[in-house]
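What follows is a short report on a single structure.
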Amino acid sequence: MSGLSANKGLWAGAAAVVAGGLVLIAADAPTGGDPGVRTFVLSNIYIASSGDGGTCPVMADGGIETYFKMLPPAEQAKYADPAHPGQIEQAKRGPLEQAMNEHFGFRRVAIKGGNPGGKQVQAKLPPDFRADVTPTPEQAIEIGALNGFPKGRGRLAFSNLTVAYSACTNPEDFPALGKGFVTYDGPVSAGMNLDGKAGKEDFKGPDGTPGVDNQLWRAVGCVKPFREYGEPKIAHKIFISARAPTLIEIRDIGDPRNDPDVTVNVYAGADPVVRDGRGEALASSSFTVDPDPTLRASVKGRIENGVLTTDPVDLKLNYKEQIVDAPRVFRGARIRAVLGDDGRIEGSIFGYYTLASYWSSIEQMTQNGANLTGVSCPGVKAAIERYADGYRDPRTGKFTAISSAYNFFGVRAYIVDKAKS
Amino acid sequence: MTGTTRPLRSPLLWSAFALLGACGLAAARADEPTAPIGPSQVRRLSEAQYRNTIADLFGPDIKVVGRFEPDMRGNGLLAVGSSAVSVSPSGFDQYEEIARGIAAQVTDKEHRAAQVGCEPGPADPKGLACARRFAEKFGLQLFRRPLASAEAAAWAQRAVQSGEALGNYDAGLAAVLAGMLTDPRFLFRIDMPGRDRVAIDGYSRAARLSYLLWDTTPDAELLEAARAGRLDSPEGLSAQVDRMIASARFAGGVRAFFTDFLRLDEIETLSKDALIFPAFSSSVANATREQTLRTITDLLIDHDGDYRDLFTTRRFAMTKALGPIYDIPIARDGWYMHEFPQGDPRAGLLTQASLLALHSHPGRTSPTLRGKALREVLLCETIPTPPANVNFAVVQDVNNPTLKTTRARLQAHLDDEECASCHRRTDPIGLGLEQFDGAGQFRTRENGETIDIRSQFDKVDFDGAAALGRLLHDDEAASTCLVKSVWRYANGRDAGDADTPSLEALTKHFAGDGHRFPALLRSIATDPAFYAFPATPRRSPRQVAASRITESSR
């Protein structure tokens, strides 16, 4: 007997017990144990890899790799790995990064003290600066000017603890660092046909389905860390945004295997996902829903042979990981997921990832983070703008989002939505 | 540096203390059954009592860092074992380390003003008067009785001399404090005779009361009552007992008893196979213990409930960390009282994860362990230990393709008549709890087979844990066992034949009072017999030898 079915009995009993003490089902009672409702917490939402059917002949260079290749041979030799000519020696990435910073004039100054992200120069601050208030973009530029940044430059970085100028804050200033960037040109990609068309830019799915829209994979599918984190074997071992996970609630389930009309609610959790003794997400934990109304969505869906598919819906999903706090905004997203009898859920989100929210997640890595992971911010920026294919801005005529495919998995959870009271 | 100051000891006191007879069983295993433990004049502070005492006297921010000499369970109770344990040489070293750490904190810059409150000055150039006030204050608090004038003067003199030798006045004070913290009068509760030498004196009464009702040292009011002789009169004693039971600290005393009685201290070292029970962790284990203690105090203190209802209550203390174990949604932060609905399998302490997990194996349940614990702990029965050559292969083979359930595997084991005689007393009880796995999580199937929870308790049929709880609720033996256990806990010894009338009277009053636990403690705490001066038992050669070993560490 699954825990869920055991709890159905519990809740059915609870519904009957109103007198004689505590009322279990209150206005803000959590869901998850109610009949006809299944609820989950997602421990990872990760970019869907194209798998074995779509490899990269060469991988994209990160910014620091590109800089390394730009160096004259004698200079390059100072940082090269003797065992692997043409590659950077691991121990010399730090000095190389320092040389790169100096060469390009990258700057970062701490605005709230300490040494966020490493050794920092303390910023000269305007007289009206308040440490308890996050500066506006204009104030960040003002701080940049006070500290000798190029005119009009200066962006908040590292969880708003620094103001920086680099290839990640201003990729347009450093196109040279995107020269080693390559995109994915294979024929296969995960994803689904979002626009109902089968154009020449579209991929085939791993199962041969034509018309798959996943231009984000075309843009960044050869960036090593993204490809690695998209591998299911790796993805299953890590939690992403565990401190602010995404919650999925499926209501109005009649037949758990086949139901043509269910309601799917997506929430942001305000409690962290905890690992169990196996290192997996702890099942049956309770999660409070983040009260921010922009972080919740509701959409109709259907279950066919145990597979849930939703109608299109706009989603804003928390993505808080280390110094990154960049909610993922998907337009016209469909959820497709397998609901396991063991209480697990595994599936995908197919939709148009807005360029602004995607770029925010890259920019917030900071130059140092991009160097550590081998990402070229100018390369990524140029690629996503080039391949963007959704939600054209009528004013500029440019696309504002890019088709994408993300996978996720999660376990059974209880959802406490106090806003419903 | 105060942190490295050696404590000032009283060698003569340790010698005198050794003659009191607290020795001999320091090396016994914690779970080893012992012969009946009789009256003793001394009882070693438990680790919890030590910590509570330090927190009460110096504040919760004073850290007690170090490993304590393990407490010993004496015939089921640590409180009884406390009358039979001494301090080993290595244990004394630990106490010394802990004492030095405490003394260093108490006299450091952060705490000195509040704790010491004086310093050398023009009127007291050497600081002798200040040191004396320091010694008198902490002597009274730590030894639970005032220092004699000459002794206070001696402690003060030594503090000043030590401070001069170390070039730091406060280091001298710290040395004195560390010395007091390693003094047997602190580490042991020592009963001193009253004037009639039949009963213990007022300060000894205060200590008995305080550690029974609060599990910590007497407060100023209780010490004052002892000084004024008010604890020698029934009225004065009753007034203090009533005050203490009405205090918020009473919950600490109740928690201490049930921690000991239900062996909840053993949860500290409980571990489970993480692959089999991934939801169970050490933090969850601690939460299960807290749940049980909060459930108990909620019923017995906050609602002045009937002790027997602990076996049937559906009102469990709950917190988010336990949600996955109980598989219930938790909508609140912090602890709250959760009511399980009628018909839910969770009812009574027997269905709480603490006891279910504690009396299971790391990777599977054990109806035998659960049944044994119920009989020994809750019914005060004795189950013999199994012979050393028992073959457990069948029971342990959880992957046996034909014996899929624990019940089936145990049945195969019981085909051995020699084993069956004891297992018949334990296993049927535990089989009724089989719907809860080794981590206390509810289940209805084991290896794909439906778990059968129909069983028998003392020839009465029952169906599952809730029904078993109802049987225990109505079983007089459970109430009688509680009374006996509380009495043994309070007196720190096993009951003898001469104690039978007292126990019978207590049991009768307990039932008459509606099985109210505070009333039971009140009966004991106001009974003149509780304050009888213990006769010093004759010491065996082994005890003498052990005391010498203890002495050699001085």
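Naming works like this for the structure tokens: A, B, ... for the chains as they're shown, residue 1 at the start of each chain, ligands 1 onward in shown order.
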
Compute the set of chain A residues within 6 Å of chain B, using only C-alpha atoms, and express it as a CSV table (one decimal) with N, CA and C atoms, in the first residue's frame.
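Saved result, out.csv, follows:
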```csv
chain,number,residue,atom,x,y,z
A,14,ALA,N,-10.3,12.1,8.7
A,14,ALA,CA,-10.2,13.4,9.3
A,14,ALA,C,-11.4,14.3,9.0
A,276,ASP,N,17.3,12.7,1.8
A,276,ASP,CA,17.1,11.6,2.7
A,276,ASP,C,18.4,10.8,2.8
A,277,GLY,N,18.3,9.6,3.5
A,277,GLY,CA,19.5,8.8,3.8
A,277,GLY,C,20.1,8.3,2.5
A,278,ARG,N,19.3,8.2,1.5
A,278,ARG,CA,19.9,7.7,0.2
A,278,ARG,C,20.5,8.9,-0.6
A,284,SER,N,7.4,13.1,1.2
A,284,SER,CA,6.3,13.4,2.2
A,284,SER,C,6.6,14.5,3.1
A,285,SER,N,7.6,15.4,2.8
A,285,SER,CA,7.8,16.6,3.5
A,285,SER,C,6.7,17.6,3.2
A,286,SER,N,6.5,18.6,4.1
A,286,SER,CA,5.5,19.6,3.9
A,286,SER,C,6.2,20.9,3.4
A,414,TYR,N,3.8,17.3,0.6
A,414,TYR,CA,2.6,18.0,1.0
A,414,TYR,C,2.7,19.5,0.8
A,416,VAL,N,1.4,23.3,1.5
A,416,VAL,CA,0.7,24.2,2.5
A,416,VAL,C,0.5,25.5,1.8
```

May I have the residues within 9 Å of Glu201 (chain A) as a ChimeraX atom specification, using only C-alpha atoms and disregarding those fewer than 6 positions away in the same chain?
/A:211-213,215

Could you dump the residues just selected with N, CA and C atoms as an mmCIF file, in the first residue's frame?
```cif
data_model
loop_
_atom_site.group_PDB
_atom_site.id
_atom_site.type_symbol
_atom_site.label_atom_id
_atom_site.label_comp_id
_atom_site.auth_asym_id
_atom_site.auth_seq_id
_atom_site.Cartn_x
_atom_site.Cartn_y
_atom_site.Cartn_z
ATOM 1 N N GLY A 211 9.825 18.366 -36.080
ATOM 2 C CA GLY A 211 9.295 19.674 -35.684
ATOM 3 C C GLY A 211 9.585 20.083 -34.261
ATOM 4 N N VAL A 212 10.590 19.473 -33.650
ATOM 5 C CA VAL A 212 10.890 19.806 -32.247
ATOM 6 C C VAL A 212 11.508 21.194 -32.159
ATOM 7 N N ASP A 213 10.881 22.027 -31.344
ATOM 8 C CA ASP A 213 11.399 23.388 -31.135
ATOM 9 C C ASP A 213 12.250 23.414 -29.871
ATOM 10 N N GLN A 215 15.439 25.770 -29.590
ATOM 11 C CA GLN A 215 16.556 26.586 -30.056
ATOM 12 C C GLN A 215 17.534 26.929 -28.931
#
```

So how many Å separate CA of Ala326 (chain A) and CA of Asp389 (chain A), to one decimal?
21.1 Å

Per DSSP on the backbone, filter region 205-265 of chain A down to the residues in strand (DSSP E) and report them as an NGL selection string.
:A and (246-251 or 259-265)

Residues as selected, C-alpha atoms, written as an mmCIF file, in the first residue's frame, can you do that?
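Final file, result-v1.cif:
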```cif
data_model
loop_
_atom_site.group_PDB
_atom_site.id
_atom_site.type_symbol
_atom_site.label_atom_id
_atom_site.label_comp_id
_atom_site.auth_asym_id
_atom_site.auth_seq_id
_atom_site.Cartn_x
_atom_site.Cartn_y
_atom_site.Cartn_z
ATOM 1 C CA THR A 246 9.117 24.188 -7.403
ATOM 2 C CA LEU A 247 5.946 22.405 -6.311
ATOM 3 C CA ILE A 248 3.416 20.723 -8.573
ATOM 4 C CA GLU A 249 -0.121 19.938 -7.525
ATOM 5 C CA ILE A 250 -2.486 17.904 -9.685
ATOM 6 C CA ARG A 251 -6.099 18.148 -8.616
ATOM 7 C CA ASP A 259 -8.331 11.382 -16.704
ATOM 8 C CA PRO A 260 -9.156 13.852 -19.469
ATOM 9 C CA ASP A 261 -9.619 16.815 -17.166
ATOM 10 C CA VAL A 262 -7.313 17.615 -14.316
ATOM 11 C CA THR A 263 -6.052 20.890 -12.927
ATOM 12 C CA VAL A 264 -2.333 21.441 -12.502
ATOM 13 C CA ASN A 265 -1.082 24.100 -10.138
#
```

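Excluding Glu228 (chain A) itself and any same-chain residue fewer than 4 positions from it, the protein and nucleic acid residues within 12 Å of it, counting only C-alpha atoms, are Tyr46, Ile47, Ala48, Ser49, Ser50, Gly51, Thr55, Met59, Val220, Gly221, Cys222, Val223, Lys224, Pro232, Lys233, Ile234, Ala235, His236, Ile238, Thr373 and Gly374 of chain A.
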
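Shortest atom-to-atom contact with Thr259 (chain B) among B:Val486, B:Ala152, B:Leu410, B:Leu223: B:Val486, counting only C-alpha atoms.
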
Pick out the closest residue to Val37 (chain A) from this set: A:Asp311, A:Asp185, A:Asp255, A:Asp271. Count only C-alpha atoms.
A:Asp255

Once DSSP has gone over the backbone, tell me which residues of region 247-390 of chain A are in helix (DSSP H, G or I), as number ranges by chain.
A: 293-295, 355-363, 366-373, 377-387

Exercise: region 100-109 of chain A partners within 9 Å, only C-alpha atoms, chain neighbours under 4 positions left out, as a ChimeraX atom specification:
/A:64,67-68,95-96,120-124,144,147,149,154,157,161-167,174,367

If we count only C-alpha atoms, what is near Glu346 (chain A) at a cut-off of 8 Å, once residues fewer than 2 positions away on the same chain are taken out, given as a ChimeraX atom specification?
/A:337-340,344,348,407-410

Limited to N, CA and C atoms, could you put the picked residues into a file as a PDB file, in the first residue's frame?
```pdb
ATOM      1  N   ALA A 337       4.600  14.755 -17.901  1.00  0.00           N
ATOM      2  CA  ALA A 337       5.257  14.041 -16.807  1.00  0.00           C
ATOM      3  C   ALA A 337       4.639  12.668 -16.590  1.00  0.00           C
ATOM      4  N   VAL A 338       5.480  11.765 -16.141  1.00  0.00           N
ATOM      5  CA  VAL A 338       5.015  10.429 -15.758  1.00  0.00           C
ATOM      6  C   VAL A 338       4.813  10.425 -14.253  1.00  0.00           C
ATOM      7  N   LEU A 339       3.649  10.007 -13.845  1.00  0.00           N
ATOM      8  CA  LEU A 339       3.331   9.946 -12.421  1.00  0.00           C
ATOM      9  C   LEU A 339       3.548   8.518 -11.941  1.00  0.00           C
ATOM     10  N   GLY A 340       4.546   8.332 -11.127  1.00  0.00           N
ATOM     11  CA  GLY A 340       4.878   6.984 -10.687  1.00  0.00           C
ATOM     12  C   GLY A 340       3.968   6.494  -9.589  1.00  0.00           C
ATOM     13  N   ARG A 344       6.653   9.147  -7.122  1.00  0.00           N
ATOM     14  CA  ARG A 344       7.598  10.032  -7.799  1.00  0.00           C
ATOM     15  C   ARG A 344       6.964  10.651  -9.034  1.00  0.00           C
ATOM     16  N   SER A 348       9.004  16.807 -18.045  1.00  0.00           N
ATOM     17  CA  SER A 348       9.671  17.894 -18.762  1.00  0.00           C
ATOM     18  C   SER A 348       8.780  19.121 -18.802  1.00  0.00           C
ATOM     19  N   ASN A 407      14.055  19.190 -18.193  1.00  0.00           N
ATOM     20  CA  ASN A 407      13.555  17.992 -17.491  1.00  0.00           C
ATOM     21  C   ASN A 407      13.460  18.266 -15.999  1.00  0.00           C
ATOM     22  N   PHE A 408      12.695  17.473 -15.343  1.00  0.00           N
ATOM     23  CA  PHE A 408      12.620  17.590 -13.871  1.00  0.00           C
ATOM     24  C   PHE A 408      12.256  16.245 -13.276  1.00  0.00           C
ATOM     25  N   PHE A 409      12.526  16.124 -12.026  1.00  0.00           N
ATOM     26  CA  PHE A 409      11.993  14.992 -11.282  1.00  0.00           C
ATOM     27  C   PHE A 409      11.741  15.428  -9.850  1.00  0.00           C
ATOM     28  N   GLY A 410      10.893  14.683  -9.202  1.00  0.00           N
ATOM     29  CA  GLY A 410      10.532  15.051  -7.844  1.00  0.00           C
ATOM     30  C   GLY A 410       9.878  13.906  -7.106  1.00  0.00           C
TER      31      GLY A 410
END
```

Using only C-alpha atoms, which residues sit within 12 Å of region 418-425 of chain B once same-chain residues fewer than 5 positions away are excluded, as a ChimeraX atom specification?
/B:366-376,381-392,410-413,430-431,455-459

Applying 12 Å and only C-alpha atoms, which residues near Ala228 (chain B) remain after dropping the ones on its own chain fewer than 3 positions away? List them as a ChimeraX atom specification.
/B:201-203,206,221-225,231-233,236-237

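Among the candidate residues A:Lys179, A:Arg243, A:Arg218, A:Arg130, the one lying nearest to Pro378 (chain A) is A:Lys179, with distances computed using only C-alpha atoms.
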
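Interatomic distance, CA of Thr507 (chain B) to CA of Pro234 (chain B): 21.3 Å.
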
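If you look at CA of Lys320 (chain A) and CA of Ser361 (chain A), they are 9.3 Å away from each other.
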